[in-house]
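> Structure supplied as query_36.cif; contents: mmCIF, C-alpha atoms.
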data_coords
#
loop_
_atom_site.label_atom_id
_atom_site.label_comp_id
_atom_site.auth_asym_id
_atom_site.auth_seq_id
_atom_site.Cartn_x
_atom_site.Cartn_y
_atom_site.Cartn_z
CA MET A 874 117.55 73.03 101.66
CA PRO A 875 115.95 74.59 104.76
CA THR A 876 112.19 74.26 105.19
CA PHE A 877 110.10 76.87 107.00
CA THR A 878 106.58 76.49 108.33
CA LEU A 879 104.15 79.39 108.77
CA PRO A 880 100.74 79.60 110.48
CA TYR A 881 97.85 79.86 108.04
CA GLY A 882 94.33 80.06 109.42
CA LYS A 883 94.03 77.07 111.73
CA THR A 884 96.59 75.10 109.71
CA ARG A 885 100.16 75.68 108.52
CA LEU A 886 101.99 76.13 105.20
CA SER A 887 105.58 75.17 104.42
CA CYS A 888 108.17 76.29 101.91
CA THR A 889 111.71 75.26 101.04
CA LEU A 890 114.48 77.74 100.25
CA PRO A 891 117.79 77.17 98.45
CA ASP A 892 120.94 76.84 100.57
CA SER A 893 122.66 79.52 98.47
CA PHE A 894 120.83 82.43 100.12
CA GLN A 895 121.25 83.93 103.57
CA VAL A 896 117.96 83.22 105.33
CA ASP A 897 117.11 84.66 108.75
CA ALA A 898 114.13 83.59 110.82
CA LEU A 899 112.76 86.74 112.46
CA LEU A 900 110.97 85.45 115.52
CA PRO A 901 109.65 87.38 118.49
CA PRO A 902 111.75 86.90 121.63
CA GLN A 903 110.93 83.77 123.58
CA ALA A 904 108.46 84.71 126.29
CA LEU A 905 107.28 81.82 128.42
CA PRO A 906 104.26 81.99 130.72
CA PRO A 907 105.49 82.37 134.33
CA ALA A 908 102.46 80.43 135.60
CA PRO A 909 99.26 78.82 134.30
CA PRO A 910 96.79 81.39 132.90
CA GLU A 911 94.24 80.75 135.66
CA VAL A 912 96.88 81.62 138.26
CA LEU A 913 97.90 84.83 136.44
CA ILE A 914 94.28 85.94 136.06
CA ALA A 915 93.41 85.21 139.69
CA ALA A 916 96.48 87.13 140.91
CA ALA A 917 95.60 90.16 138.77
CA LEU A 918 92.03 90.24 140.10
CA GLN A 919 93.28 90.16 143.69
CA ASN A 920 93.98 93.87 143.69
CA ALA A 921 92.91 95.44 146.97
CA GLN A 922 93.24 99.01 145.69
CA VAL A 923 91.03 98.32 142.70
CA GLU A 924 88.46 96.61 144.90
CA ALA A 925 88.46 99.58 147.28
CA ARG A 926 87.91 102.02 144.41
CA VAL A 927 84.95 100.02 143.15
CA ARG A 928 83.39 99.73 146.61
CA ALA A 929 83.77 103.50 147.03
CA LYS A 930 81.45 104.02 144.06
CA GLY A 931 78.56 102.76 146.18
CA ASN A 932 76.16 99.84 146.27
CA HIS A 933 73.87 98.36 143.61
CA LEU A 934 76.21 99.35 140.77
CA THR A 935 75.54 98.69 137.12
CA ALA A 936 78.58 97.31 135.29
CA ALA A 937 79.34 97.46 131.57
CA ILE A 938 82.11 95.35 130.04
CA ALA A 939 83.53 96.04 126.57
CA ILE A 940 84.91 92.93 124.87
CA ASN A 941 86.51 92.48 121.44
CA ASP A 942 84.86 90.77 118.49
CA LYS A 943 85.95 87.62 116.64
CA THR A 944 88.83 89.37 114.84
CA ARG A 945 90.90 89.55 118.05
CA PRO A 946 92.42 86.51 119.80
CA VAL A 947 91.39 87.66 123.29
CA PRO A 948 91.13 84.65 125.64
CA HIS A 949 87.60 85.46 126.79
CA GLN A 950 87.00 81.86 127.83
CA LEU A 951 89.66 82.31 130.51
CA LEU A 952 89.12 85.97 131.41
CA LEU A 953 85.39 86.49 131.63
CA PRO A 954 84.22 83.84 134.15
CA PRO A 955 86.61 85.01 136.91
CA LEU A 956 85.89 88.66 136.08
CA VAL A 957 82.13 88.31 136.52
CA LYS A 958 82.66 86.26 139.69
CA TRP A 959 84.80 89.11 141.00
CA LEU A 960 82.00 91.56 140.24
CA GLU A 961 79.35 89.39 141.85
CA ASP A 962 81.55 88.94 144.94
CA LEU A 963 81.46 92.74 145.22
CA GLY A 964 77.66 92.56 145.34
CA ILE A 965 76.88 93.41 141.71
CA GLN A 966 73.96 91.27 140.58
CA PRO A 967 74.04 89.36 137.26
CA GLU A 968 71.15 91.41 135.89
CA GLN A 969 73.22 94.54 136.53
CA ILE A 970 76.14 93.29 134.41
CA GLN A 971 76.06 93.82 130.65
CA PHE A 972 78.56 92.90 127.93
CA PHE A 973 79.13 94.99 124.81
CA ILE A 974 80.91 93.47 121.82
CA ALA A 975 83.19 96.28 120.68
CA THR A 976 83.05 96.03 116.90
CA GLY A 977 84.23 99.52 115.97
CA THR A 978 83.35 99.86 112.28
CA HIS A 979 83.20 96.09 111.78
CA THR A 980 79.87 94.45 111.00
CA PRO A 981 77.86 93.96 114.23
CA THR A 982 78.07 90.43 115.59
CA PRO A 983 74.73 88.57 115.33
CA PRO A 984 73.54 86.73 118.46
CA GLU A 985 74.04 83.34 116.82
CA GLU A 986 77.79 84.10 116.70
CA PHE A 987 78.17 85.19 120.33
CA HIS A 988 79.43 81.69 121.16
CA ARG A 989 82.49 82.37 119.00
CA ILE A 990 83.47 85.16 121.37
CA VAL A 991 82.26 84.41 124.90
CA PRO A 992 81.75 81.26 126.99
CA GLU A 993 78.31 79.66 126.99
CA THR A 994 78.05 80.27 130.73
CA VAL A 995 78.28 84.01 130.08
CA ILE A 996 75.72 83.89 127.28
CA GLN A 997 73.23 82.12 129.55
CA ARG A 998 73.66 84.36 132.59
CA TYR A 999 74.31 87.90 131.35
CA SER A 1000 73.00 90.41 128.85
CA ILE A 1001 75.12 90.76 125.69
CA GLU A 1002 74.73 93.09 122.76
CA SER A 1003 76.86 93.95 119.78
CA HIS A 1004 77.77 97.55 119.07
CA ASP A 1005 76.70 99.26 115.84
CA CYS A 1006 78.72 102.38 115.03
CA ASP A 1007 76.01 103.62 112.65
CA SER A 1008 73.09 103.34 115.08
CA ALA A 1009 72.70 107.03 115.94
CA GLU A 1010 69.85 106.43 118.39
CA ASN A 1011 72.16 104.24 120.49
CA LEU A 1012 74.97 106.79 120.69
CA THR A 1013 75.49 109.75 122.98
CA PHE A 1014 77.64 112.80 122.21
CA LEU A 1015 80.28 113.89 124.72
CA GLY A 1016 81.79 116.85 122.90
CA ASP A 1017 85.08 117.07 121.01
CA THR A 1018 88.60 116.13 122.01
CA GLN A 1019 91.38 118.70 121.96
CA ALA A 1020 92.29 117.38 118.52
CA GLY A 1021 88.75 117.99 117.29
CA THR A 1022 87.48 114.41 117.33
CA PRO A 1023 83.72 114.30 118.02
CA ILE A 1024 83.06 111.73 120.76
CA TYR A 1025 80.03 109.56 120.03
CA VAL A 1026 79.87 106.54 122.30
CA ASN A 1027 77.48 103.68 122.98
CA ARG A 1028 74.83 105.21 125.25
CA LYS A 1029 74.16 102.16 127.42
CA TYR A 1030 77.85 101.59 128.04
CA PHE A 1031 78.37 105.23 128.97
CA GLN A 1032 75.44 105.23 131.38
CA ALA A 1033 76.79 102.30 133.42
CA GLN A 1034 78.26 103.23 136.79
CA LEU A 1035 81.25 100.92 136.43
CA LYS A 1036 82.90 100.70 133.01
CA ILE A 1037 85.41 97.96 132.21
CA VAL A 1038 87.37 97.09 129.07
CA VAL A 1039 88.83 93.66 128.31
CA GLY A 1040 91.47 93.02 125.67
CA ASN A 1041 95.04 92.26 124.67
CA LEU A 1042 97.94 94.70 124.90
CA GLU A 1043 100.28 94.35 121.92
CA PRO A 1044 101.96 96.54 119.27
CA HIS A 1045 99.49 98.05 116.81
CA HIS A 1046 100.62 99.02 113.35
CA PHE A 1047 99.48 102.66 113.56
CA MET A 1048 97.91 103.00 117.02
CA GLY A 1049 101.26 102.27 118.67
CA PHE A 1050 99.72 99.70 120.99
CA SER A 1051 96.34 98.10 121.46
CA GLY A 1052 94.93 97.64 124.94
CA GLY A 1053 93.77 100.01 127.65
CA VAL A 1054 90.76 102.14 126.77
CA LYS A 1055 90.88 101.29 123.05
CA SER A 1056 88.28 98.49 123.26
CA ALA A 1057 85.64 101.08 124.20
CA ALA A 1058 87.20 104.38 123.08
CA ILE A 1059 87.21 103.03 119.51
CA GLY A 1060 85.30 99.76 119.68
CA LEU A 1061 82.14 101.30 121.16
CA CYS A 1062 82.24 104.66 119.37
CA GLY A 1063 80.41 106.09 116.37
CA ARG A 1064 81.75 106.05 112.84
CA ASP A 1065 82.38 109.81 112.89
CA THR A 1066 84.55 109.40 115.98
CA ILE A 1067 86.56 106.55 114.47
CA ASN A 1068 87.00 108.27 111.09
CA LYS A 1069 88.26 111.48 112.66
CA ASN A 1070 90.61 109.68 115.05
CA HIS A 1071 91.98 107.35 112.38
CA ALA A 1072 92.71 110.31 110.11
CA PHE A 1073 95.90 110.65 112.17
CA LEU A 1074 97.05 107.63 110.15
CA THR A 1075 99.28 109.80 107.96
CA HIS A 1076 101.09 111.38 110.92
CA PRO A 1077 104.75 110.24 111.13
CA ASP A 1078 104.34 109.27 114.81
CA ALA A 1079 101.25 107.11 114.15
CA ARG A 1080 103.25 103.90 114.00
CA ALA A 1081 103.85 100.64 115.79
CA GLY A 1082 105.56 100.83 119.16
CA VAL A 1083 105.00 104.58 119.67
CA TYR A 1084 102.69 105.51 122.55
CA GLU A 1085 103.36 108.85 124.24
CA GLN A 1086 104.09 110.73 120.99
CA ASN A 1087 101.42 108.98 118.93
CA PRO A 1088 98.65 111.54 118.25
CA MET A 1089 96.09 108.86 117.38
CA ARG A 1090 96.70 106.92 120.56
CA GLN A 1091 96.71 110.01 122.76
CA ASP A 1092 93.44 111.14 121.18
CA ILE A 1093 92.01 107.76 122.18
CA GLU A 1094 93.30 108.22 125.72
CA GLU A 1095 91.33 111.48 125.93
CA ILE A 1096 88.22 109.76 124.54
CA GLY A 1097 88.58 107.08 127.21
CA GLU A 1098 88.84 109.69 129.96
CA ARG A 1099 85.70 111.46 128.72
CA ILE A 1100 83.80 108.17 128.63
CA GLY A 1101 84.96 107.53 132.18
CA ILE A 1102 86.41 104.04 131.76
CA ASP A 1103 87.25 102.74 135.22
CA LEU A 1104 89.16 99.51 134.71
CA ALA A 1105 91.06 97.55 132.08
CA LEU A 1106 91.63 93.80 132.22
CA ASN A 1107 94.38 93.16 129.67
CA THR A 1108 96.57 90.24 128.76
CA VAL A 1109 100.02 90.27 127.19
CA MET A 1110 100.47 87.16 125.05
CA ASN A 1111 103.37 85.57 123.20
CA ALA A 1112 103.35 84.54 119.55
CA GLU A 1113 101.81 81.18 120.46
CA LYS A 1114 98.85 83.04 122.03
CA GLU A 1115 99.91 81.98 125.52
CA ILE A 1116 99.25 84.47 128.32
CA ILE A 1117 102.50 85.77 129.80
CA ALA A 1118 101.01 88.58 131.90
CA VAL A 1119 97.61 89.78 133.12
CA LEU A 1120 96.98 93.38 134.22
CA PHE A 1121 93.91 94.73 135.99
CA ASP A 1122 93.80 98.37 137.03
CA ASP A 1123 93.10 101.89 135.88
CA PRO A 1124 93.61 101.83 132.07
CA LYS A 1125 96.59 104.20 132.12
CA MET A 1126 98.27 102.13 134.83
CA VAL A 1127 97.71 99.04 132.69
CA MET A 1128 99.34 100.69 129.66
CA ARG A 1129 102.27 101.91 131.74
CA ALA A 1130 102.92 98.45 133.11
CA GLY A 1131 102.03 96.47 129.99
CA ILE A 1132 103.95 98.29 127.24
CA PRO A 1133 107.42 97.23 128.48
CA LEU A 1134 106.18 93.64 128.80
CA SER A 1135 104.75 93.74 125.28
CA LEU A 1136 108.00 95.09 123.85
CA GLN A 1137 109.98 92.37 125.58
CA ALA A 1138 107.75 89.78 123.90
CA THR A 1139 107.72 91.30 120.39
CA GLN A 1140 110.71 93.54 119.68
CA VAL A 1141 113.39 92.38 117.24
CA ARG A 1142 116.37 94.56 116.30
CA LEU A 1143 117.56 94.72 112.68
CA THR A 1144 120.72 95.97 111.02
CA GLU A 1145 119.80 96.14 107.32
CA PRO A 1146 116.74 95.42 105.17
CA TYR A 1147 116.04 92.21 103.26
CA ASP A 1148 115.48 91.52 99.57
CA LEU A 1149 112.63 89.09 100.26
CA VAL A 1150 110.39 88.81 103.31
CA ILE A 1151 108.16 85.75 103.69
CA ALA A 1152 105.58 86.57 106.33
CA SER A 1153 102.53 85.12 108.03
CA VAL A 1154 99.97 87.10 109.97
CA GLY A 1155 100.21 84.42 112.67
CA GLY A 1156 97.16 82.35 111.82
CA ALA A 1157 93.56 82.56 113.00
CA PRO A 1158 91.82 84.79 113.90
CA LYS A 1159 94.25 87.47 112.78
CA ASP A 1160 94.16 86.35 109.14
CA LEU A 1161 90.37 86.08 109.04
CA ASN A 1162 90.26 88.67 106.24
CA LEU A 1163 92.53 91.03 104.33
CA TYR A 1164 91.38 94.01 106.41
CA GLN A 1165 92.98 92.42 109.49
CA SER A 1166 95.88 90.78 107.67
CA GLN A 1167 97.16 94.11 106.40
CA LYS A 1168 98.62 94.71 109.87
CA ALA A 1169 101.24 92.04 109.19
CA LEU A 1170 102.16 93.79 105.94
CA THR A 1171 103.08 96.88 107.95
CA HIS A 1172 105.65 94.95 109.98
CA ALA A 1173 106.95 93.07 106.93
CA SER A 1174 107.34 96.37 105.07
CA MET A 1175 109.54 97.65 107.90
CA VAL A 1176 111.95 94.82 107.09
CA VAL A 1177 112.06 94.74 103.27
CA ARG A 1178 114.27 97.02 101.18
CA ASN A 1179 112.89 99.48 98.64
CA GLY A 1180 112.20 97.49 95.49
CA GLY A 1181 112.16 94.20 97.39
CA THR A 1182 109.40 91.61 97.67
CA VAL A 1183 106.99 90.51 100.39
CA ILE A 1184 105.15 87.19 100.28
CA LEU A 1185 102.28 87.24 102.77
CA ALA A 1186 100.50 84.06 103.86
CA ALA A 1187 97.04 84.97 105.15
CA GLU A 1188 94.05 82.64 104.79
CA CYS A 1189 91.43 85.44 104.44
CA GLY A 1190 88.57 82.97 104.59
CA GLU A 1191 86.11 85.87 104.86
CA GLY A 1192 87.56 87.76 101.91
CA SER A 1193 88.42 91.42 102.21
CA GLY A 1194 86.47 91.97 105.43
CA SER A 1195 85.16 95.37 104.33
CA ALA A 1196 82.69 96.31 101.60
CA SER A 1197 83.91 99.93 101.60
CA PHE A 1198 87.48 98.65 101.23
CA GLU A 1199 86.45 96.73 98.10
CA LYS A 1200 84.31 99.52 96.65
CA PHE A 1201 87.10 102.06 97.02
CA MET A 1202 89.33 99.96 94.75
CA GLU A 1203 86.81 99.81 91.88
CA ASN A 1204 88.35 101.35 88.75
CA VAL A 1205 91.63 101.94 90.58
CA ASN A 1206 94.45 100.50 88.50
CA THR A 1207 97.68 101.68 90.14
CA TYR A 1208 99.00 102.30 93.63
CA GLN A 1209 99.46 105.96 92.74
CA GLU A 1210 95.78 106.20 91.76
CA ALA A 1211 94.76 104.65 95.10
CA ILE A 1212 96.90 107.11 97.07
CA ALA A 1213 95.63 110.09 95.06
CA LYS A 1214 91.99 108.98 95.38
CA PHE A 1215 92.32 108.57 99.13
CA SER A 1216 93.87 112.03 99.49
CA HIS A 1217 91.16 113.58 97.32
CA GLU A 1218 88.16 111.92 99.02
CA GLY A 1219 89.36 112.45 102.58
CA PHE A 1220 89.81 109.90 105.34
CA ARG A 1221 87.31 107.06 105.74
CA VAL A 1222 87.70 103.82 107.67
CA GLY A 1223 87.78 100.96 105.16
CA PRO A 1224 89.44 102.84 102.29
CA HIS A 1225 92.28 103.59 104.72
CA LYS A 1226 93.34 99.96 104.30
CA ALA A 1227 93.61 100.47 100.55
CA PHE A 1228 95.76 103.54 101.21
CA GLN A 1229 98.06 101.59 103.53
CA ILE A 1230 98.44 98.68 101.12
CA ALA A 1231 99.07 101.09 98.24
CA GLN A 1232 101.81 102.85 100.19
CA GLN A 1233 103.47 99.54 101.01
CA ALA A 1234 103.04 98.03 97.55
CA ALA A 1235 104.40 101.15 95.87
CA ARG A 1236 107.83 100.43 97.37
CA SER A 1237 107.87 96.62 97.19
CA GLN A 1238 106.12 93.84 95.30
CA ILE A 1239 103.53 92.00 97.40
CA TYR A 1240 102.38 88.44 96.74
CA LEU A 1241 99.37 87.15 98.67
CA VAL A 1242 98.89 83.48 99.46
CA SER A 1243 95.25 83.20 100.54
CA GLU A 1244 91.87 81.58 99.97
CA MET A 1245 90.49 84.74 98.35
CA PRO A 1246 89.46 84.55 94.69
CA LYS A 1247 92.33 85.69 92.47
CA GLU A 1248 90.12 88.41 90.98
CA LEU A 1249 89.53 89.90 94.43
CA THR A 1250 93.23 89.76 95.32
CA ALA A 1251 94.08 91.48 92.04
CA ARG A 1252 91.50 94.20 92.76
CA PHE A 1253 93.70 95.29 95.66
CA LEU A 1254 96.67 95.37 93.25
CA LEU A 1255 98.32 92.44 95.01
CA HIS A 1256 99.82 89.47 93.16
CA PRO A 1257 97.76 86.33 93.83
CA ALA A 1258 99.87 83.20 94.40
CA GLU A 1259 98.83 79.62 93.75
CA SER A 1260 100.74 78.43 96.80
CA LEU A 1261 103.45 79.56 99.19
CA GLN A 1262 106.08 77.44 97.45
CA SER A 1263 105.12 78.65 93.98
CA ALA A 1264 105.41 82.26 95.10
CA VAL A 1265 108.83 81.57 96.64
CA ASP A 1266 110.03 79.76 93.51
CA GLN A 1267 108.89 82.62 91.30
CA VAL A 1268 110.58 85.32 93.37
CA ILE A 1269 113.93 83.65 94.05
CA GLN A 1270 114.57 83.36 90.30
CA ARG A 1271 114.93 87.15 90.24
CA LEU A 1272 117.05 87.54 93.37
CA PRO A 1273 120.75 88.40 93.19
CA ALA A 1274 123.25 85.80 94.38
CA ASN A 1275 123.92 87.71 97.61
CA ALA A 1276 120.23 88.24 98.42
CA ARG A 1277 119.08 88.29 102.02
CA ILE A 1278 115.78 86.60 102.94
CA ALA A 1279 113.77 86.96 106.13
CA VAL A 1280 111.02 84.61 107.30
CA MET A 1281 108.48 86.09 109.75
CA PRO A 1282 106.05 83.37 110.91
CA TYR A 1283 104.40 85.74 113.39
CA ALA A 1284 104.68 89.11 111.67
CA THR A 1285 101.90 90.78 113.67
CA ASN A 1286 103.69 89.83 116.89
CA THR A 1287 107.15 90.78 115.61
CA LEU A 1288 107.99 94.46 115.99
CA PRO A 1289 111.09 95.32 113.91
CA MET A 1290 113.25 98.03 115.44
CA HIS A 1291 116.27 99.15 113.42
CA ALA A 1292 119.47 99.22 115.45
CA PRO A 1293 121.02 102.68 115.86
#
Rewrite the structure of this file - the entire thing - as structure tokens.

Amino acid sequence: MPTFTLPYGKTRLSCTLPDSFQVDALLPPQALPPAPPEVLIAAALQNAQVEARVRAKGNHLTAAIAINDKTRPVPHQLLLPPLVKWLEDLGIQPEQIQFFIATGTHTPTPPEEFHRIVPETVIQRYSIESHDCDSAENLTFLGDTQAGTPIYVNRKYFQAQLKIVVGNLEPHHFMGFSGGVKSAAIGLCGRDTINKNHAFLTHPDARAGVYEQNPMRQDIEEIGERIGIDLALNTVMNAEKEIIAVLFDDPKMVMRAGIPLSLQATQVRLTEPYDLVIASVGGAPKDLNLYQSQKALTHASMVVRNGGTVILAAECGEGSGSASFEKFMENVNTYQEAIAKFSHEGFRVGPHKAFQIAQQAARSQIYLVSEMPKELTARFLLHPAESLQSAVDQVIQRLPANARIAVMPYATNTLPMHAP
């Protein structure tokens, strides 16, 4: 009987499947690093055109750098030291460089947790603060986008003369792709901005792998232009979190160059759906909580047939990850009730996760293998599992003899594309 191993937090879980079923391992394409990460980063920063553009902005610049919080596996330890050296080599003094942890609507990161995100050398030498989307006095209003999204952005970041974003470029389950201006154009914006932008969630083109036609992503591009983001330092990583490419340029240039690379590292073509999909988010930090882990459900749901089953392995050591997500599900007893409540109350970040899970669970059974209390798992109308193997054993008893099973160890990094 074949055994499969899936990432789970900082460990791994295994399960055994009967020989009688067709089992396919859906893995992202093999993408090996062409050089050590330090070499790739150094080569990206040696961009004469970018350096010339920065020098043209004048002397004694202030620089603001947006970085992701602990929920994103951005290799800050590798990226930030050479980036700040590059800035200082251009004559920008350490006291003129400030980091902003781009939390979006996540809970602001307390100073005692900065070490989980940035190297100690950065903490000691530069100013760092965590964004708070609800701190109105720290936001500035830049007007509305063409789509009607009010642009509230972190005031200090906006006032800097040189604005940089740092992050990963990869498929995003409704944004199309992460990367580019998103770290600031969402991560450093106000709640009203994020709520209005994310309301595009129900649009048919707001889906993984869609960029130019994605109204949510294009709204973010306009927000980024209004903020005036100068540069993006982005990595493209494989499923093992190894850097396979580093891009440093104008954010739109980075997206143009990075999207094909990201697709090459994530895209898997399918012919027909599966009866059972056994998926992992890909381990820490992506399975830190259910709020983040839901992204893997989106990709798994693209693979399972209507009426099929998904077993998701996600540690969720921090529980749901959103108080508003939990509160929304109080006294909600069916997926249909969750969908109707969301439609009635209007879009809000947090409850939107409940809406997404309800949509996915309405067409397939979802079992969750996690460290969350069973009562909390059940509140989200998911089936709590004692273990990965017990969930598998329970489901395969109901499968037909000709059932097809898919195993997705890195679901977040596996973008299913149905063959024409």
> Apply the PyMOL selection byres ((chain A and resi 1120) around 9) to the structure shown and report the selected residues as a PyMOL selection string.
chain A and resi 913-914+917-918+1105-1109+1118-1119+1121-1122+1126-1128+1130-1131
> Once the PyMOL selection byres ((chain A and resi 1032) around 10) is applied to the coordinates I shared, what remains selected? I want it as a count of residues only.
15
> Return as a Markdown table the residues of region 1080-1176 of chain A lying at most 12 Å from region 879-882 of chain A, together with the closest atom-to-atom pair for each and the distance in Å to one decimal, counting only C-alpha atoms, with rows in chain order and ascending residue number.

| residue | atom | partner | partner_atom | distance |
| --- | --- | --- | --- | --- |
| A:Ala1112 | CA | A:Pro880 | CA | 10.7 |
| A:Glu1113 | CA | A:Pro880 | CA | 10.2 |
| A:Ile1151 | CA | A:Leu879 | CA | 9.1 |
| A:Ala1152 | CA | A:Leu879 | CA | 7.7 |
| A:Ser1153 | CA | A:Leu879 | CA | 6.0 |
| A:Val1154 | CA | A:Pro880 | CA | 7.6 |
| A:Gly1155 | CA | A:Pro880 | CA | 5.3 |
| A:Gly1156 | CA | A:Gly882 | CA | 4.4 |
| A:Ala1157 | CA | A:Gly882 | CA | 4.4 |
| A:Pro1158 | CA | A:Gly882 | CA | 7.0 |
| A:Lys1159 | CA | A:Gly882 | CA | 8.1 |
| A:Asp1160 | CA | A:Gly882 | CA | 6.3 |
| A:Leu1161 | CA | A:Gly882 | CA | 7.2 |
| A:Asn1162 | CA | A:Gly882 | CA | 10.0 |
| A:Ser1166 | CA | A:Gly882 | CA | 11.0 |
> What is the CA of Ala1169 (chain A) to CA of His1076 (chain A) distance in Å?
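These atoms are spaced 19.4 Å apart.
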> Give me, please, the distance in Å between CA of Thr1250 (chain A) and CA of His1217 (chain A), quoted to one decimal.
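About the pair CA of Thr1250 (chain A) and CA of His1217 (chain A): they are 24.0 Å apart.
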> State, in Å with one decimal place, the distance from CA of Arg1271 (chain A) to CA of Met1175 (chain A).
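Between CA of Arg1271 (chain A) and CA of Met1175 (chain A) the gap works out to 21.2 Å.
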> Report as a list of chain:residue names the full result of the PyMOL selection byres ((chain A and resi 1039) around 10) when it is applied to this structure.
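Expected selection for the PyMOL selection byres ((chain A and resi 1039) around 10) here is A:Ile938, A:Ala939, A:Ile940, A:Asn941, A:Val947, A:Pro948, A:His949, A:Leu952, A:Leu953, A:Leu956, A:Ala975, A:Ile1037, A:Val1038, A:Gly1040, A:Asn1041, A:Leu1042, A:Gly1052, A:Gly1053, A:Val1054, A:Lys1055, A:Ser1056, A:Ala1057, A:Leu1104, A:Ala1105, A:Leu1106, A:Asn1107, A:Thr1108, A:Phe1121.
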> Counting all atoms listed in the file, what are the residues of region 902-926 of chain A within 10 Å of region 1139-1148 of chain A, and for each of them which pair of atoms is the nearest and at what distance in Å, to one decimal? Sort the table by chain and rising number, as a Markdown table.

| residue | atom | partner | partner_atom | distance |
| --- | --- | --- | --- | --- |
| A:Pro902 | CA | A:Thr1139 | CA | 6.1 |
| A:Gln903 | CA | A:Thr1139 | CA | 8.8 |
| A:Ala904 | CA | A:Thr1139 | CA | 8.9 |
> Have a look at A:Arg1252, A:Arg1221, A:Arg998, A:His1046 and name the one nearest to Thr1287 (chain A); count all atoms listed in the file.
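Nearest candidate to Thr1287 (chain A) out of A:Arg1252, A:Arg1221, A:Arg998, A:His1046: A:His1046.
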> What lies within 6 Å of region 1193-1198 of chain A using all atoms listed in the file, ignoring chain neighbours under 3 positions off, as a ChimeraX atom specification?
/A:1162-1164,1201,1223-1224
> Residues at most 7 Å from Phe1073 (chain A), counting all atoms listed in the file, excluding those fewer than 6 positions away in the same chain, as a PyMOL selection string?
chain A and resi 1079+1088-1089
> What would the list of residues within 6 Å of (78.3, 101.6, 120.5) (file frame) look like as a list of chain:residue names, if only C-alpha atoms are what count?
A:His1004, A:Asp1005, A:Cys1006, A:Val1026, A:Asn1027, A:Leu1061, A:Cys1062
> Tell me, as a ChimeraX atom specification, which residues lie within 8 Å of Gln1262 (chain A), counting all atoms listed in the file; anything in the same chain fewer than 3 positions away does not count.
/A:887-889,1265-1266
> Select, from A:Ile1230, A:Leu1255, A:Val1183, A:Val927, the residue with the minimum atom-to-atom distance to Gln1165 (chain A), counting only C-alpha atoms.
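With only C-alpha atoms as the atom set, the closest residue is A:Ile1230.
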> Tell me which of A:Asn1087, A:Thr1171, A:Gln1019, A:Thr1182 sits closest to Arg1277 (chain A), counting only C-alpha atoms.
A:Thr1182
> Quick one: everything within 10 Å of Pro955 (chain A), counting only C-alpha atoms, minus sequence neighbours fewer than 3 positions away in the same chain. Send it as a VMD selection string.
chain A and resid 911 914 to 915 918 950 to 952 958 to 961
> Could you check the closest approach to Arg926 (chain A) for each of A:Leu905, A:Leu963, A:Ala1211, A:Leu1185 and tell me which residue wins, using only C-alpha atoms?
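Residue with the minimum atom-to-atom distance to Arg926 (chain A): A:Leu963.
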> From the list A:Ala1227, A:Met1048, A:Val1176, A:Met1245, which residue is nearest Leu1074 (chain A) when using only C-alpha atoms?
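Using only C-alpha atoms, the shortest distance to Leu1074 (chain A) belongs to A:Met1048.
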> With distances taken over all atoms listed in the file, which residue among A:Tyr1283, A:Phe894, A:Phe1253, A:Phe1220 lies nearest Tyr1208 (chain A)?
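When distances to Tyr1208 (chain A) are compared using all atoms listed in the file, the smallest one comes from A:Phe1253.
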